[in-house]
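K.L.:
Please find one structure pasted underneath; my questions will follow.
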Amino acid sequence: MKSIVFLMLGKLCVIIKQSLLFINLKKVKYNQKYKIMLDKKGLTSSEASHIANFIKEQVKNIDVTTSNFKVITQEGRRDDTYLRLDSHEEIKNWDNLLLEKGKLFALSAWLKESIKYKEEQIKKVRSSFLDVTTLPKIEELEPPTRPSTSFEDFFLELSIKEKAEYLLNESRASHIGKFIHKFDEVRNVIDNFKPTEFVNISSTEVMTVRNTMLYDREELLGRVEKLQNIHRECEKVINYYKAKHKEWAAELETKFQKTWRNYIEETHMIAKENSAITRKAQADFEIERTNKLEVLKNLKITIPIEFQPILDEIYKKLK
């Protein structure tokens, strides 16, 4: 039984390799694709779509036939009588069905890819626009670039002394803050301190545990309070530089707005002189785009000679 299964699987592998020999539409180069897929003779997009939908139904039928591919059926013996334990049946010509499915998929892929390509080309032409940079116009001005006003840029403008002052306070505030903001956990341990505790080791034995404070309570809280004061002073310095950063950014923005207004006035004059040229070029462009769309719409989907027998079989089924 195992040898039969392996033979059937081997045959299936051969069929799959044969199916992979069908054309790979994704690898067709752009310049070749247009000549191969679209021409004056062939199927309209509507006809090709109808054929592709019909193939979809045909493949669905094949899938239903082969989806429950079983190689073993079982019978159980009871009272000297063998009874069927399942409804498994041999699928006749299953290999030919898979080959038929491969052929249909190949034609369907060709039709769908051709329809998609034609639609993409039409969409591309419809969405195309006039590149005004190619027109013989007065050269447009480069717009001014908005200056970066991030804190990092502001920091680079500071003196060495100011840089050191900010970094020292920022670093202290960060590290001290992490400690004092979570000090309530330590304070809770101090407030609930018990010199002696009793721990059950077993049901009959109790251990006496002696707890000892590692720090003097008042001294520890005093140090924490001192750190809190230092943290507040550091925060003041940080806020000072943040305020200076806002002032610096606002000044840069004011200068930029003035430059921008001058740019708008100058570009308005240039645009006014170029408008006549643009309107004429736009009208010519619209005529050319309309002509291209008309040509594309009239092109049909070609059928390679390799797929013609498959298409003929489908036509027979459609009659």
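Simple scheme: letters A, B, ... for chains in structure tokens order, numbers from 1 for residues in each chain, numbers from 1 for ligands in the order shown.
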Per DSSP on the backbone, filter range 132-264 of chain A down to the residues in alpha helix (DSSP H) and report them as an MDAnalysis selection string.
P.N.:
chainID A and resid 151:157 160:180 183:191 217:264
K.L.:
Out of A:Ile303, A:Leu220, A:Ile270, A:Leu158, which residue has the shortest atom-to-atom distance to Arg187 in chain A when counting only C-alpha atoms?
P.N.:
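Closest residue, counting only C-alpha atoms: A:Leu220.
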K.L.:
Leaving out Lys112 in chain A and any residue of its chain fewer than 6 positions from it, which residues lie within 8 Å of it when counting only C-alpha atoms, given as a list of chain:residue names?
P.N.:
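Residues near the query, excluding close chain neighbours: A:Ala48, A:Ser49, A:Ala52.
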K.L.:
With C-alpha atoms retained, could you export that selection as a CSV table (one decimal), in the first residue's frame?
P.N.:
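Resulting contents of result_20.csv:
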chain,number,residue,atom,x,y,z
A,48,ALA,CA,-11.9,38.2,-21.7
A,49,SER,CA,-13.5,38.8,-18.3
A,52,ALA,CA,-12.0,34.2,-17.0
K.L.:
Name the residues of range 125-251 of chain A that fall into strand (DSSP E or B) according to DSSP on the backbone, using the chain letters and numbers of this document, as number ranges by chain.
P.N.:
A: 196-200, 206-210
K.L.:
For Arg289 in chain A, which residue among A:Ile138, A:Val199, A:Ile122, A:Ile301 is the nearest when counting only C-alpha atoms?
P.N.:
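Ranking A:Ile138, A:Val199, A:Ile122, A:Ile301 by distance to Arg289 in chain A, first place goes to A:Ile122.
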K.L.:
Taking 2 positions as the minimum chain separation for residues in the same chain, which residues sit within 12 Å of range 282-288 of chain A when counting only C-alpha atoms? Answer as a CSV table (one decimal) with N, CA and C atoms, in the first residue's frame.
P.N.:
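Okay, this is what ended up in selection-v2.csv:
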chain,number,residue,atom,x,y,z
A,125,VAL,N,-2.7,56.9,-18.3
A,125,VAL,CA,-2.9,58.0,-19.2
A,125,VAL,C,-3.9,59.0,-18.6
A,126,ARG,N,-5.0,58.5,-18.0
A,126,ARG,CA,-6.0,59.4,-17.4
A,126,ARG,C,-5.4,60.2,-16.3
A,127,SER,N,-4.5,59.6,-15.5
A,127,SER,CA,-4.0,60.4,-14.4
A,127,SER,C,-2.7,61.2,-14.7
A,128,SER,N,-2.3,61.1,-16.0
A,128,SER,CA,-1.1,61.8,-16.4
A,128,SER,C,-1.4,63.3,-16.4
A,129,PHE,N,-0.4,64.1,-16.1
A,129,PHE,CA,-0.5,65.5,-16.1
A,129,PHE,C,0.7,66.2,-16.8
A,130,LEU,N,0.5,67.4,-17.1
A,130,LEU,CA,1.5,68.2,-17.9
A,130,LEU,C,2.6,68.5,-17.0
A,131,ASP,N,3.8,68.2,-17.4
A,131,ASP,CA,5.0,68.6,-16.7
A,131,ASP,C,5.4,70.0,-17.1
A,132,VAL,N,5.0,70.9,-16.3
A,132,VAL,CA,5.3,72.3,-16.7
A,132,VAL,C,6.8,72.7,-16.7
A,135,LEU,N,8.2,73.2,-20.2
A,135,LEU,CA,7.8,74.3,-21.0
A,135,LEU,C,8.8,75.4,-21.0
A,275,SER,N,1.4,82.1,-17.3
A,275,SER,CA,0.0,81.5,-17.4
A,275,SER,C,-0.4,81.3,-18.8
A,276,ALA,N,-0.1,82.2,-19.7
A,276,ALA,CA,-0.6,82.1,-21.1
A,276,ALA,C,0.1,80.9,-21.7
A,277,ILE,N,1.4,80.7,-21.5
A,277,ILE,CA,2.1,79.6,-22.1
A,277,ILE,C,1.5,78.3,-21.5
A,278,THR,N,1.2,78.3,-20.2
A,278,THR,CA,0.7,77.1,-19.6
A,278,THR,C,-0.6,76.7,-20.2
A,279,ARG,N,-1.5,77.7,-20.4
A,279,ARG,CA,-2.9,77.4,-20.9
A,279,ARG,C,-2.8,76.7,-22.3
A,280,LYS,N,-1.9,77.3,-23.1
A,280,LYS,CA,-1.8,76.7,-24.5
A,280,LYS,C,-1.2,75.3,-24.4
A,290,THR,N,-6.4,62.6,-24.9
A,290,THR,CA,-7.7,62.0,-25.5
A,290,THR,C,-7.4,61.0,-26.6
A,291,ASN,N,-6.5,61.4,-27.5
A,291,ASN,CA,-6.1,60.5,-28.6
A,291,ASN,C,-5.5,59.2,-28.1
A,292,LYS,N,-4.6,59.3,-27.0
A,292,LYS,CA,-4.0,58.1,-26.5
A,292,LYS,C,-5.1,57.1,-25.8
A,293,LEU,N,-6.0,57.7,-25.1
A,293,LEU,CA,-7.1,56.9,-24.5
A,293,LEU,C,-7.9,56.2,-25.6
A,294,GLU,N,-8.2,56.9,-26.6
A,294,GLU,CA,-9.0,56.3,-27.7
A,294,GLU,C,-8.3,55.1,-28.3
A,295,VAL,N,-7.0,55.2,-28.5
A,295,VAL,CA,-6.2,54.1,-29.1
A,295,VAL,C,-6.2,52.9,-28.1
K.L.:
Out of A:Ile55, A:Leu227, A:Ala271, A:Leu38, which residue has the shortest atom-to-atom distance to Lys317 in chain A when counting only C-alpha atoms?
P.N.:
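Going through A:Ile55, A:Leu227, A:Ala271, A:Leu38 one by one, the smallest distance to Lys317 in chain A is for A:Ile55.
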K.L.:
For each of A:Lys242, A:Val237, A:Ile310, A:Asn298, take the minimum atom-to-atom distance to Ala164 in chain A, counting only C-alpha atoms, then give the residue where this is smallest.
P.N.:
A:Val237
K.L.:
Would you compute the distance between CA of Lys319 in chain A and CA of Ile51 in chain A? Give it in Å to one decimal.
P.N.:
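CA of Ile51 in chain A lies 12.5 Å from CA of Lys319 in chain A.
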K.L.:
Which one is closest to His231 in chain A: A:Glu253, A:Glu152, A:Glu170, A:Glu266? Count only C-alpha atoms.
P.N.:
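With only C-alpha atoms as the atom set, the closest residue is A:Glu170.
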K.L.:
Would you mind listing what lies within 12 Å of Phe151 in chain A as a ChimeraX atom specification, with only C-alpha atoms counted and same-chain residues fewer than 2 positions away left out?
P.N.:
/A:148-149,153-158,166,238,241-249
K.L.:
Please write the residues from the selection above to a file, keeping C-alpha atoms, as a compact mmCIF listing (two decimals), in the first residue's frame.
P.N.:
# COMPACT_ATOMS: atom_id res chain seq x y z
CA SER A 148 14.70 73.63 11.72
CA THR A 149 13.70 74.78 15.19
CA ASP A 153 19.46 72.72 16.68
CA PHE A 154 18.98 75.23 19.49
CA PHE A 155 21.46 73.30 21.64
CA LEU A 156 24.13 73.64 18.94
CA GLU A 157 23.78 77.44 19.14
CA LEU A 158 24.62 77.51 22.86
CA TYR A 166 22.19 72.23 30.58
CA ILE A 238 16.03 72.96 32.37
CA TYR A 241 16.62 76.65 28.57
CA LYS A 242 13.28 75.36 27.29
CA ALA A 243 11.92 78.90 27.48
CA LYS A 244 14.99 80.23 25.65
CA HIS A 245 14.43 77.57 22.99
CA LYS A 246 10.86 78.80 22.41
CA GLU A 247 12.05 82.38 22.04
CA TRP A 248 14.78 81.33 19.62
CA ALA A 249 12.31 79.27 17.54
K.L.:
CA of Glu162 in chain A to CA of Thr254 in chain A: how many Å, to one decimal?
P.N.:
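Computing it gives 24.7 Å between the two atoms.
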K.L.:
Kindly indicate which residue among A:Leu107, A:Val59, A:Leu252, A:Leu98 lies nearest to Pro309 in chain A, using only C-alpha atoms for the distances.
P.N.:
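Nearest candidate to Pro309 in chain A out of A:Leu107, A:Val59, A:Leu252, A:Leu98: A:Leu107.
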